[in-house]
Amino acid sequence: MRLIDNHTHLNDAVFRGREADYLARAKALQVERLICVGQDPEFNLRALALAAQFQLVYAMVGYCPDVASKFDDAACELLTQQLRQPKVVALGEIGLDYYWDESPREVQRAVFERQLDLAYQLHLPVNIHTRDAFSDCYEILKRHDLRYGAVLHSYNGSPAMTQRFLTLNVQFSFSGVASFTKATEVHESVKLVPLERLLVETDAPYLTPKPYRGKQNEPGYVYYVAQAIAELKACSLERVAAQTYANTVKVYHLE
Ligand SMILES: [Zn+2]
């Protein structure tokens with residue numbers, strides 16, 4: 001059995017200096033590869049550095065909605081160069097966050113669209129963050145060509161929203177939230193999404209799955225996310241691991 005954590009922030013300060021330990025812990029839980037996610041200039045650089053340093057680490061870089069206001073022409077130029085580096089497998093995380101609203105919403109939407117266009121030009125998949133903005137996210141994705149792949153990260157949309165997203169060329173990545181007892185809408189969404197379109201992630205150091213909820217999350221814990229998916233899908237953990245591994249390799253062209 002082998003797993004991939006397709007969205008993790010090993011570049012977060014909480015892991016600094018101990019990344020190799022966390023990778024060894026992940027390997028012990030059969031997590032063979034992971035994709036380290038950038039979100040702003042500093043996290044992007046750190047994701048690239050970790051991908052260069054560790055064989056099993058890949059990177060994605062992008063401007064998340066919090067820093068959308070800082071995405072000017074110079075930032076776009078630098079991001080374009082970074083996206084061409086080896087082991088950079090996607091543009092992300094990008095999207096909309098109407099919960100924190102750190103950038104004006106019209107700026108968030110414009111920068112999201114600009115990065116979707118950039119990914120298309122570079123033939124790269126995108127990794128999408130959406131919080132309290134599912135309808136707008138859907139409308140934006142609907143008018144973009146997603147042939148190079150799109151992953152909805154830590155997906156927690158309602159079943160009705162899931163039905164709409166299922167009509168687009170997107171994959172659904174579930175996090176530890178799927179293991180939370182009270183997350184009944186997410187459980188329903190897991191059941192609606194075919195295993196062929198499902199990925200698993202930790203979003204570490206956030207969203208720690210059961211049985212470690214309340215503690216700091218880490219990449220290895222994608223094992224417990226996969227376990228929660230297996231329970232909801234009433235299939236074996238091995239099946240979830242094999243299918244999500246294959247889906248992840250395919251959407252990010254890891255091989
Ligand atoms: Zn994240």
# chains A, B, ... in the order shown; residues from 1 in each chain; ligands from 1
$ residues_around --residues "A:Leu237" --least-positions-apart "2" --cutoff "9 Å" --atoms "only C-alpha atoms" --output "JSON, numbers by chain"
{"A": [1, 223, 226, 227, 228, 229, 230, 231, 235, 239, 240, 241, 242]}
$ write_last_selection --atoms "N, CA, C and O atoms" --output "PDB file, in the first residue's frame"
ATOM      1  N   MET A   1       0.833  -1.201   0.000  1.00  0.00           N
ATOM      2  CA  MET A   1       0.000   0.000   0.000  1.00  0.00           C
ATOM      3  C   MET A   1       0.874   1.260   0.000  1.00  0.00           C
ATOM      4  O   MET A   1       1.912   1.292   0.633  1.00  0.00           O
ATOM      5  N   TYR A 223      -2.820   9.070   6.029  1.00  0.00           N
ATOM      6  CA  TYR A 223      -3.230   7.671   6.255  1.00  0.00           C
ATOM      7  C   TYR A 223      -4.620   7.624   6.907  1.00  0.00           C
ATOM      8  O   TYR A 223      -5.481   6.835   6.519  1.00  0.00           O
ATOM      9  N   ALA A 226      -7.401   8.748   4.539  1.00  0.00           N
ATOM     10  CA  ALA A 226      -7.758   7.648   3.630  1.00  0.00           C
ATOM     11  C   ALA A 226      -8.618   6.614   4.356  1.00  0.00           C
ATOM     12  O   ALA A 226      -9.568   6.070   3.788  1.00  0.00           O
ATOM     13  N   GLN A 227      -8.297   6.389   5.622  1.00  0.00           N
ATOM     14  CA  GLN A 227      -9.082   5.450   6.429  1.00  0.00           C
ATOM     15  C   GLN A 227     -10.535   5.932   6.587  1.00  0.00           C
ATOM     16  O   GLN A 227     -11.485   5.148   6.455  1.00  0.00           O
ATOM     17  N   ALA A 228     -10.696   7.232   6.813  1.00  0.00           N
ATOM     18  CA  ALA A 228     -12.047   7.801   6.944  1.00  0.00           C
ATOM     19  C   ALA A 228     -12.809   7.674   5.622  1.00  0.00           C
ATOM     20  O   ALA A 228     -14.003   7.356   5.615  1.00  0.00           O
ATOM     21  N   ILE A 229     -12.119   7.893   4.516  1.00  0.00           N
ATOM     22  CA  ILE A 229     -12.760   7.764   3.195  1.00  0.00           C
ATOM     23  C   ILE A 229     -13.199   6.313   2.978  1.00  0.00           C
ATOM     24  O   ILE A 229     -14.308   6.041   2.503  1.00  0.00           O
ATOM     25  N   ALA A 230     -12.331   5.386   3.350  1.00  0.00           N
ATOM     26  CA  ALA A 230     -12.657   3.963   3.171  1.00  0.00           C
ATOM     27  C   ALA A 230     -13.917   3.592   3.946  1.00  0.00           C
ATOM     28  O   ALA A 230     -14.785   2.881   3.447  1.00  0.00           O
ATOM     29  N   GLU A 231     -14.034   4.118   5.166  1.00  0.00           N
ATOM     30  CA  GLU A 231     -15.231   3.840   5.972  1.00  0.00           C
ATOM     31  C   GLU A 231     -16.488   4.393   5.303  1.00  0.00           C
ATOM     32  O   GLU A 231     -17.513   3.723   5.214  1.00  0.00           O
ATOM     33  N   CYS A 235     -15.398   0.577   1.586  1.00  0.00           N
ATOM     34  CA  CYS A 235     -14.451  -0.258   0.837  1.00  0.00           C
ATOM     35  C   CYS A 235     -13.154  -0.334   1.630  1.00  0.00           C
ATOM     36  O   CYS A 235     -13.033   0.262   2.694  1.00  0.00           O
ATOM     37  N   ARG A 239      -7.898  -0.185  -1.276  1.00  0.00           N
ATOM     38  CA  ARG A 239      -8.544   0.279  -2.511  1.00  0.00           C
ATOM     39  C   ARG A 239      -8.485   1.810  -2.586  1.00  0.00           C
ATOM     40  O   ARG A 239      -8.174   2.376  -3.637  1.00  0.00           O
ATOM     41  N   VAL A 240      -8.790   2.478  -1.475  1.00  0.00           N
ATOM     42  CA  VAL A 240      -8.732   3.950  -1.455  1.00  0.00           C
ATOM     43  C   VAL A 240      -7.307   4.410  -1.749  1.00  0.00           C
ATOM     44  O   VAL A 240      -7.083   5.333  -2.534  1.00  0.00           O
ATOM     45  N   ALA A 241      -6.334   3.745  -1.124  1.00  0.00           N
ATOM     46  CA  ALA A 241      -4.928   4.127  -1.328  1.00  0.00           C
ATOM     47  C   ALA A 241      -4.541   3.969  -2.799  1.00  0.00           C
ATOM     48  O   ALA A 241      -3.985   4.887  -3.405  1.00  0.00           O
ATOM     49  N   ALA A 242      -4.852   2.821  -3.371  1.00  0.00           N
ATOM     50  CA  ALA A 242      -4.442   2.553  -4.758  1.00  0.00           C
ATOM     51  C   ALA A 242      -5.092   3.545  -5.724  1.00  0.00           C
ATOM     52  O   ALA A 242      -4.432   4.107  -6.607  1.00  0.00           O
TER      53      ALA A 242
END
$ residues_near_ligand --ligand "ligand 1" --cutoff "7 Å" --atoms "only C-alpha atoms and all ligand atoms" --output "list in words"
His7, Thr8, His9, Val37, Glu93 and Asp203 of chain A
$ write_last_selection --atoms "N, CA and C atoms" --output "PDB file, in the first residue's frame"
ATOM      1  N   HIS A   7      -1.648  17.784  -0.643  1.00  0.00           N
ATOM      2  CA  HIS A   7      -1.701  19.207  -0.238  1.00  0.00           C
ATOM      3  C   HIS A   7      -1.253  19.307   1.210  1.00  0.00           C
ATOM      4  N   THR A   8      -0.016  19.726   1.379  1.00  0.00           N
ATOM      5  CA  THR A   8       0.521  19.803   2.736  1.00  0.00           C
ATOM      6  C   THR A   8       1.474  20.997   2.823  1.00  0.00           C
ATOM      7  N   HIS A   9       1.539  21.577   4.019  1.00  0.00           N
ATOM      8  CA  HIS A   9       2.402  22.753   4.203  1.00  0.00           C
ATOM      9  C   HIS A   9       3.604  22.376   5.061  1.00  0.00           C
ATOM     10  N   VAL A  37       2.765  22.863  -0.568  1.00  0.00           N
ATOM     11  CA  VAL A  37       1.974  23.930  -1.185  1.00  0.00           C
ATOM     12  C   VAL A  37       2.449  25.320  -0.777  1.00  0.00           C
ATOM     13  N   GLU A  93      -1.665  27.294  -3.847  1.00  0.00           N
ATOM     14  CA  GLU A  93      -3.079  27.245  -3.908  1.00  0.00           C
ATOM     15  C   GLU A  93      -3.638  28.613  -4.293  1.00  0.00           C
ATOM     16  N   ASP A 203      -3.491  18.996   4.475  1.00  0.00           N
ATOM     17  CA  ASP A 203      -3.453  20.445   4.732  1.00  0.00           C
ATOM     18  C   ASP A 203      -2.712  20.723   6.037  1.00  0.00           C
TER      19      ASP A 203
END
$ select_by_dssp --residues "stretch 71-214 of chain A" --states "strand (DSSP E or B)" --output "list in words"
Val88, Val89, Ala90, Leu91, Gly92, Glu93, Ile94, Gly95, Leu96, Asp97, Val126, Asn127, Ile128, His129, Thr130, Arg131, Ala150, Val151, Leu152, Gln171, Phe172, Ser173, Phe174, Leu198, Leu199 and Val200 of chain A
$ select_by_dssp --residues "stretch 116-244 of chain A" --states "alpha helix (DSSP H)" --output "PyMOL selection string"
chain A and resi 116-121+134-142+159-165+184-192+222-233+237-244
$ write_last_selection --atoms "N, CA and C atoms" --output "compact mmCIF listing (two decimals), in the first residue's frame"
# COMPACT_ATOMS: atom_id res chain seq x y z
N LEU A 116 -5.64 31.23 -13.20
CA LEU A 116 -6.22 30.13 -14.00
C LEU A 116 -5.75 30.24 -15.45
N ASP A 117 -5.72 31.46 -15.96
CA ASP A 117 -5.24 31.68 -17.33
C ASP A 117 -3.76 31.31 -17.46
N LEU A 118 -2.98 31.69 -16.46
CA LEU A 118 -1.54 31.39 -16.47
C LEU A 118 -1.31 29.88 -16.47
N ALA A 119 -2.03 29.16 -15.63
CA ALA A 119 -1.89 27.70 -15.57
C ALA A 119 -2.24 27.08 -16.93
N TYR A 120 -3.28 27.61 -17.54
CA TYR A 120 -3.68 27.10 -18.86
C TYR A 120 -2.57 27.32 -19.88
N GLN A 121 -2.01 28.52 -19.88
CA GLN A 121 -0.91 28.82 -20.82
C GLN A 121 0.28 27.88 -20.61
N PHE A 134 -18.36 29.13 -2.55
CA PHE A 134 -18.51 28.03 -3.50
C PHE A 134 -19.20 28.43 -4.80
N SER A 135 -20.26 29.26 -4.69
CA SER A 135 -20.99 29.64 -5.90
C SER A 135 -20.11 30.44 -6.86
N ASP A 136 -19.41 31.44 -6.31
CA ASP A 136 -18.53 32.25 -7.16
C ASP A 136 -17.42 31.40 -7.75
N CYS A 137 -16.88 30.49 -6.95
CA CYS A 137 -15.82 29.61 -7.44
C CYS A 137 -16.34 28.77 -8.60
N TYR A 138 -17.51 28.22 -8.41
CA TYR A 138 -18.11 27.40 -9.47
C TYR A 138 -18.28 28.21 -10.75
N GLU A 139 -18.84 29.42 -10.62
CA GLU A 139 -19.09 30.25 -11.81
C GLU A 139 -17.79 30.57 -12.54
N ILE A 140 -16.75 30.86 -11.78
CA ILE A 140 -15.45 31.18 -12.40
C ILE A 140 -14.88 29.94 -13.09
N LEU A 141 -14.90 28.81 -12.40
CA LEU A 141 -14.33 27.59 -13.00
C LEU A 141 -15.10 27.19 -14.25
N LYS A 142 -16.41 27.43 -14.22
CA LYS A 142 -17.25 27.03 -15.35
C LYS A 142 -16.85 27.73 -16.64
N PRO A 159 -23.64 18.73 -0.42
CA PRO A 159 -23.98 17.76 -1.48
C PRO A 159 -24.53 18.44 -2.74
N ALA A 160 -25.36 19.48 -2.57
CA ALA A 160 -25.90 20.19 -3.75
C ALA A 160 -24.77 20.83 -4.56
N MET A 161 -23.83 21.44 -3.84
CA MET A 161 -22.69 22.07 -4.52
C MET A 161 -21.83 21.00 -5.20
N THR A 162 -21.69 19.88 -4.56
CA THR A 162 -20.90 18.79 -5.12
C THR A 162 -21.48 18.33 -6.46
N GLN A 163 -22.80 18.26 -6.50
CA GLN A 163 -23.46 17.86 -7.76
C GLN A 163 -23.09 18.82 -8.88
N ARG A 164 -23.02 20.12 -8.55
CA ARG A 164 -22.67 21.11 -9.58
C ARG A 164 -21.20 20.95 -9.99
N PHE A 165 -20.31 20.82 -9.02
CA PHE A 165 -18.89 20.68 -9.35
C PHE A 165 -18.61 19.39 -10.13
N THR A 184 -21.35 15.98 8.62
CA THR A 184 -22.25 15.09 7.87
C THR A 184 -22.38 15.48 6.40
N GLU A 185 -22.33 16.81 6.11
CA GLU A 185 -22.43 17.23 4.71
C GLU A 185 -21.22 16.75 3.92
N VAL A 186 -20.05 16.84 4.54
CA VAL A 186 -18.83 16.36 3.88
C VAL A 186 -18.91 14.85 3.67
N HIS A 187 -19.45 14.15 4.65
CA HIS A 187 -19.62 12.69 4.49
C HIS A 187 -20.49 12.39 3.27
N GLU A 188 -21.58 13.16 3.11
CA GLU A 188 -22.46 12.95 1.96
C GLU A 188 -21.72 13.24 0.66
N SER A 189 -20.90 14.30 0.67
CA SER A 189 -20.14 14.65 -0.54
C SER A 189 -19.14 13.55 -0.89
N VAL A 190 -18.49 12.99 0.12
CA VAL A 190 -17.56 11.88 -0.14
C VAL A 190 -18.28 10.74 -0.85
N LYS A 191 -19.50 10.48 -0.40
CA LYS A 191 -20.27 9.38 -1.00
C LYS A 191 -20.68 9.69 -2.44
N LEU A 192 -20.88 10.98 -2.74
CA LEU A 192 -21.30 11.38 -4.08
C LEU A 192 -20.16 11.35 -5.10
N VAL A 222 -2.23 11.60 6.47
CA VAL A 222 -3.11 11.37 5.32
C VAL A 222 -3.59 9.91 5.35
N TYR A 223 -2.82 9.07 6.03
CA TYR A 223 -3.23 7.67 6.25
C TYR A 223 -4.62 7.62 6.91
N TYR A 224 -4.84 8.48 7.91
CA TYR A 224 -6.12 8.46 8.64
C TYR A 224 -7.24 9.10 7.83
N VAL A 225 -6.86 10.03 6.94
CA VAL A 225 -7.86 10.60 6.03
C VAL A 225 -8.35 9.49 5.09
N ALA A 226 -7.40 8.75 4.54
CA ALA A 226 -7.76 7.65 3.63
C ALA A 226 -8.62 6.61 4.36
N GLN A 227 -8.30 6.39 5.62
CA GLN A 227 -9.08 5.45 6.43
C GLN A 227 -10.53 5.93 6.59
N ALA A 228 -10.70 7.23 6.81
CA ALA A 228 -12.05 7.80 6.94
C ALA A 228 -12.81 7.67 5.62
N ILE A 229 -12.12 7.89 4.52
CA ILE A 229 -12.76 7.76 3.20
C ILE A 229 -13.20 6.31 2.98
N ALA A 230 -12.33 5.39 3.35
CA ALA A 230 -12.66 3.96 3.17
C ALA A 230 -13.92 3.59 3.95
N GLU A 231 -14.03 4.12 5.17
CA GLU A 231 -15.23 3.84 5.97
C GLU A 231 -16.49 4.39 5.30
N LEU A 232 -16.39 5.63 4.82
CA LEU A 232 -17.55 6.27 4.19
C LEU A 232 -17.93 5.58 2.89
N LYS A 233 -16.93 5.11 2.16
CA LYS A 233 -17.18 4.45 0.89
C LYS A 233 -17.44 2.95 1.06
N LEU A 237 -9.23 0.11 2.82
CA LEU A 237 -8.22 1.18 2.83
C LEU A 237 -7.27 1.00 1.64
N GLU A 238 -6.95 -0.26 1.33
CA GLU A 238 -6.04 -0.55 0.21
C GLU A 238 -6.61 -0.02 -1.11
N ARG A 239 -7.90 -0.18 -1.28
CA ARG A 239 -8.54 0.28 -2.51
C ARG A 239 -8.48 1.81 -2.59
N VAL A 240 -8.79 2.48 -1.47
CA VAL A 240 -8.73 3.95 -1.46
C VAL A 240 -7.31 4.41 -1.75
N ALA A 241 -6.33 3.74 -1.12
CA ALA A 241 -4.93 4.13 -1.33
C ALA A 241 -4.54 3.97 -2.80
N ALA A 242 -4.85 2.82 -3.37
CA ALA A 242 -4.44 2.55 -4.76
C ALA A 242 -5.09 3.55 -5.72
N GLN A 243 -6.40 3.78 -5.53
CA GLN A 243 -7.10 4.66 -6.47
C GLN A 243 -6.68 6.13 -6.31
N THR A 244 -6.56 6.60 -5.07
CA THR A 244 -6.19 8.00 -4.87
C THR A 244 -4.73 8.24 -5.30
$ closest_residue --among "A:Val67, A:Leu152, A:Leu254, A:Val88" --to "A:Leu122" --atoms "only C-alpha atoms"
A:Val88
$ closest_residue --among "A:Val89, A:Leu166, A:Ala204, A:Cys76" --to "A:Val57" --atoms "only C-alpha atoms"
A:Val89
$ atom_distance --atom1 "atom CA of A:Leu10" --atom2 "atom CA of A:Gln53"
12.3 Å
$ closest_residue --among "A:Arg84, A:Lys27, A:Lys182, A:Arg16" --to "A:Leu48" --atoms "only C-alpha atoms"
A:Arg84
$ closest_residue --among "A:Arg18, A:Tyr98, A:Lys87, A:Val31" --to "A:Ala49" --atoms "only C-alpha atoms"
A:Lys87
$ closest_residue --among "A:Val151, A:Leu45, A:Arg109, A:Ala20" --to "A:Gln81" --atoms "only C-alpha atoms"
A:Leu45
$ atom_distance --atom1 "atom CA of A:Phe172" --atom2 "atom CA of A:Arg2"
19.1 Å
$ closest_residue --among "A:Lys70, A:Arg147, A:Arg33, A:His253" --to "A:Gln55" --atoms "only C-alpha atoms"
A:Arg33
$ residues_around --residues "A:His129" --least-positions-apart "2" --cutoff "12 Å" --atoms "only C-alpha atoms" --output "ChimeraX atom specification"
/A:7,37-39,62-66,91-99,108,112,126-127,131-134,137-138,150-157,172-174,203
$ atom_distance --atom1 "atom CA of A:Phe43" --atom2 "atom CA of A:Asp12"
7.4 Å
$ decode --residues "stretch 75-88 of chain A" --atoms "all heavy atoms" --output "mmCIF file, in the first residue's frame"
data_model
loop_
_atom_site.group_PDB
_atom_site.id
_atom_site.type_symbol
_atom_site.label_atom_id
_atom_site.label_comp_id
_atom_site.auth_asym_id
_atom_site.auth_seq_id
_atom_site.Cartn_x
_atom_site.Cartn_y
_atom_site.Cartn_z
ATOM 1 N N ALA A 75 5.141 40.068 -9.699
ATOM 2 C CA ALA A 75 4.844 38.812 -8.997
ATOM 3 C C ALA A 75 4.470 37.729 -10.002
ATOM 4 O O ALA A 75 4.887 36.569 -9.879
ATOM 5 C CB ALA A 75 3.704 39.027 -8.006
ATOM 6 N N CYS A 76 3.719 38.109 -11.002
ATOM 7 C CA CYS A 76 3.290 37.163 -12.032
ATOM 8 C C CYS A 76 4.491 36.642 -12.825
ATOM 9 O O CYS A 76 4.580 35.459 -13.134
ATOM 10 C CB CYS A 76 2.271 37.842 -12.942
ATOM 11 S SG CYS A 76 1.527 36.706 -14.119
ATOM 12 N N GLU A 77 5.421 37.553 -13.097
ATOM 13 C CA GLU A 77 6.650 37.195 -13.818
ATOM 14 C C GLU A 77 7.476 36.172 -13.032
ATOM 15 O O GLU A 77 7.903 35.141 -13.564
ATOM 16 C CB GLU A 77 7.469 38.486 -14.024
ATOM 17 C CG GLU A 77 8.790 38.302 -14.711
ATOM 18 C CD GLU A 77 8.639 38.329 -16.231
ATOM 19 O OE1 GLU A 77 7.556 38.697 -16.721
ATOM 20 O OE2 GLU A 77 9.608 37.966 -16.892
ATOM 21 N N LEU A 78 7.665 36.454 -11.753
ATOM 22 C CA LEU A 78 8.439 35.550 -10.897
ATOM 23 C C LEU A 78 7.732 34.197 -10.772
ATOM 24 O O LEU A 78 8.365 33.140 -10.871
ATOM 25 C CB LEU A 78 8.637 36.176 -9.512
ATOM 26 C CG LEU A 78 9.343 35.284 -8.471
ATOM 27 C CD1 LEU A 78 10.758 34.921 -8.923
ATOM 28 C CD2 LEU A 78 9.384 35.964 -7.107
ATOM 29 N N LEU A 79 6.425 34.253 -10.574
ATOM 30 C CA LEU A 79 5.655 33.005 -10.441
ATOM 31 C C LEU A 79 5.781 32.157 -11.706
ATOM 32 O O LEU A 79 5.946 30.936 -11.636
ATOM 33 C CB LEU A 79 4.184 33.330 -10.152
ATOM 34 C CG LEU A 79 3.278 32.133 -9.833
ATOM 35 C CD1 LEU A 79 3.691 31.456 -8.530
ATOM 36 C CD2 LEU A 79 1.821 32.557 -9.762
ATOM 37 N N THR A 80 5.737 32.800 -12.851
ATOM 38 C CA THR A 80 5.859 32.087 -14.127
ATOM 39 C C THR A 80 7.201 31.353 -14.201
ATOM 40 O O THR A 80 7.265 30.188 -14.608
ATOM 41 C CB THR A 80 5.712 33.068 -15.300
ATOM 42 O OG1 THR A 80 4.474 33.760 -15.152
ATOM 43 C CG2 THR A 80 5.726 32.342 -16.636
ATOM 44 N N GLN A 81 8.263 32.031 -13.779
ATOM 45 C CA GLN A 81 9.589 31.384 -13.763
ATOM 46 C C GLN A 81 9.605 30.199 -12.803
ATOM 47 O O GLN A 81 10.125 29.122 -13.123
ATOM 48 C CB GLN A 81 10.666 32.373 -13.312
ATOM 49 C CG GLN A 81 11.021 33.423 -14.351
ATOM 50 C CD GLN A 81 11.914 34.506 -13.741
ATOM 51 O OE1 GLN A 81 12.594 34.273 -12.736
ATOM 52 N NE2 GLN A 81 11.910 35.689 -14.342
ATOM 53 N N GLN A 82 9.022 30.398 -11.632
ATOM 54 C CA GLN A 82 9.024 29.323 -10.623
ATOM 55 C C GLN A 82 8.225 28.116 -11.109
ATOM 56 O O GLN A 82 8.591 26.970 -10.842
ATOM 57 C CB GLN A 82 8.449 29.847 -9.305
ATOM 58 C CG GLN A 82 9.375 30.850 -8.627
ATOM 59 C CD GLN A 82 8.741 31.511 -7.412
ATOM 60 O OE1 GLN A 82 7.518 31.645 -7.332
ATOM 61 N NE2 GLN A 82 9.557 31.945 -6.476
ATOM 62 N N LEU A 83 7.131 28.376 -11.832
ATOM 63 C CA LEU A 83 6.283 27.288 -12.323
ATOM 64 C C LEU A 83 7.000 26.422 -13.357
ATOM 65 O O LEU A 83 6.576 25.302 -13.631
ATOM 66 C CB LEU A 83 4.989 27.860 -12.908
ATOM 67 C CG LEU A 83 3.989 28.390 -11.871
ATOM 68 C CD1 LEU A 83 2.947 29.292 -12.525
ATOM 69 C CD2 LEU A 83 3.296 27.233 -11.147
ATOM 70 N N ARG A 84 8.065 26.950 -13.921
ATOM 71 C CA ARG A 84 8.818 26.180 -14.922
ATOM 72 C C ARG A 84 9.938 25.357 -14.303
ATOM 73 O O ARG A 84 10.632 24.617 -14.995
ATOM 74 C CB ARG A 84 9.398 27.141 -15.972
ATOM 75 C CG ARG A 84 8.325 27.785 -16.840
ATOM 76 C CD ARG A 84 8.934 28.402 -18.106
ATOM 77 N NE ARG A 84 7.893 28.812 -19.032
ATOM 78 C CZ ARG A 84 7.565 30.078 -19.297
ATOM 79 N NH1 ARG A 84 8.221 31.074 -18.704
ATOM 80 N NH2 ARG A 84 6.612 30.367 -20.156
ATOM 81 N N GLN A 85 10.122 25.477 -13.012
ATOM 82 C CA GLN A 85 11.205 24.737 -12.355
ATOM 83 C C GLN A 85 10.834 23.254 -12.218
ATOM 84 O O GLN A 85 9.659 22.899 -12.143
ATOM 85 C CB GLN A 85 11.480 25.333 -10.966
ATOM 86 C CG GLN A 85 12.136 26.707 -11.038
ATOM 87 C CD GLN A 85 12.534 27.218 -9.662
ATOM 88 O OE1 GLN A 85 12.800 26.441 -8.746
ATOM 89 N NE2 GLN A 85 12.578 28.532 -9.516
ATOM 90 N N PRO A 86 11.879 22.380 -12.154
ATOM 91 C CA PRO A 86 11.594 20.955 -11.988
ATOM 92 C C PRO A 86 10.860 20.675 -10.684
ATOM 93 O O PRO A 86 11.038 21.393 -9.701
ATOM 94 C CB PRO A 86 12.990 20.307 -11.993
ATOM 95 C CG PRO A 86 13.963 21.400 -11.824
ATOM 96 C CD PRO A 86 13.319 22.665 -12.258
ATOM 97 N N LYS A 87 10.027 19.654 -10.703
ATOM 98 C CA LYS A 87 9.265 19.201 -9.531
ATOM 99 C C LYS A 87 8.153 20.159 -9.099
ATOM 100 O O LYS A 87 7.532 19.960 -8.067
ATOM 101 C CB LYS A 87 10.180 18.888 -8.342
ATOM 102 C CG LYS A 87 11.078 17.683 -8.603
ATOM 103 C CD LYS A 87 11.927 17.346 -7.412
ATOM 104 C CE LYS A 87 11.209 16.467 -6.408
ATOM 105 N NZ LYS A 87 12.012 16.199 -5.221
ATOM 106 N N VAL A 88 7.909 21.197 -9.889
ATOM 107 C CA VAL A 88 6.739 22.051 -9.634
ATOM 108 C C VAL A 88 5.596 21.475 -10.466
ATOM 109 O O VAL A 88 5.652 21.463 -11.690
ATOM 110 C CB VAL A 88 7.001 23.526 -9.997
ATOM 111 C CG1 VAL A 88 5.742 24.353 -9.802
ATOM 112 C CG2 VAL A 88 8.142 24.063 -9.151
#
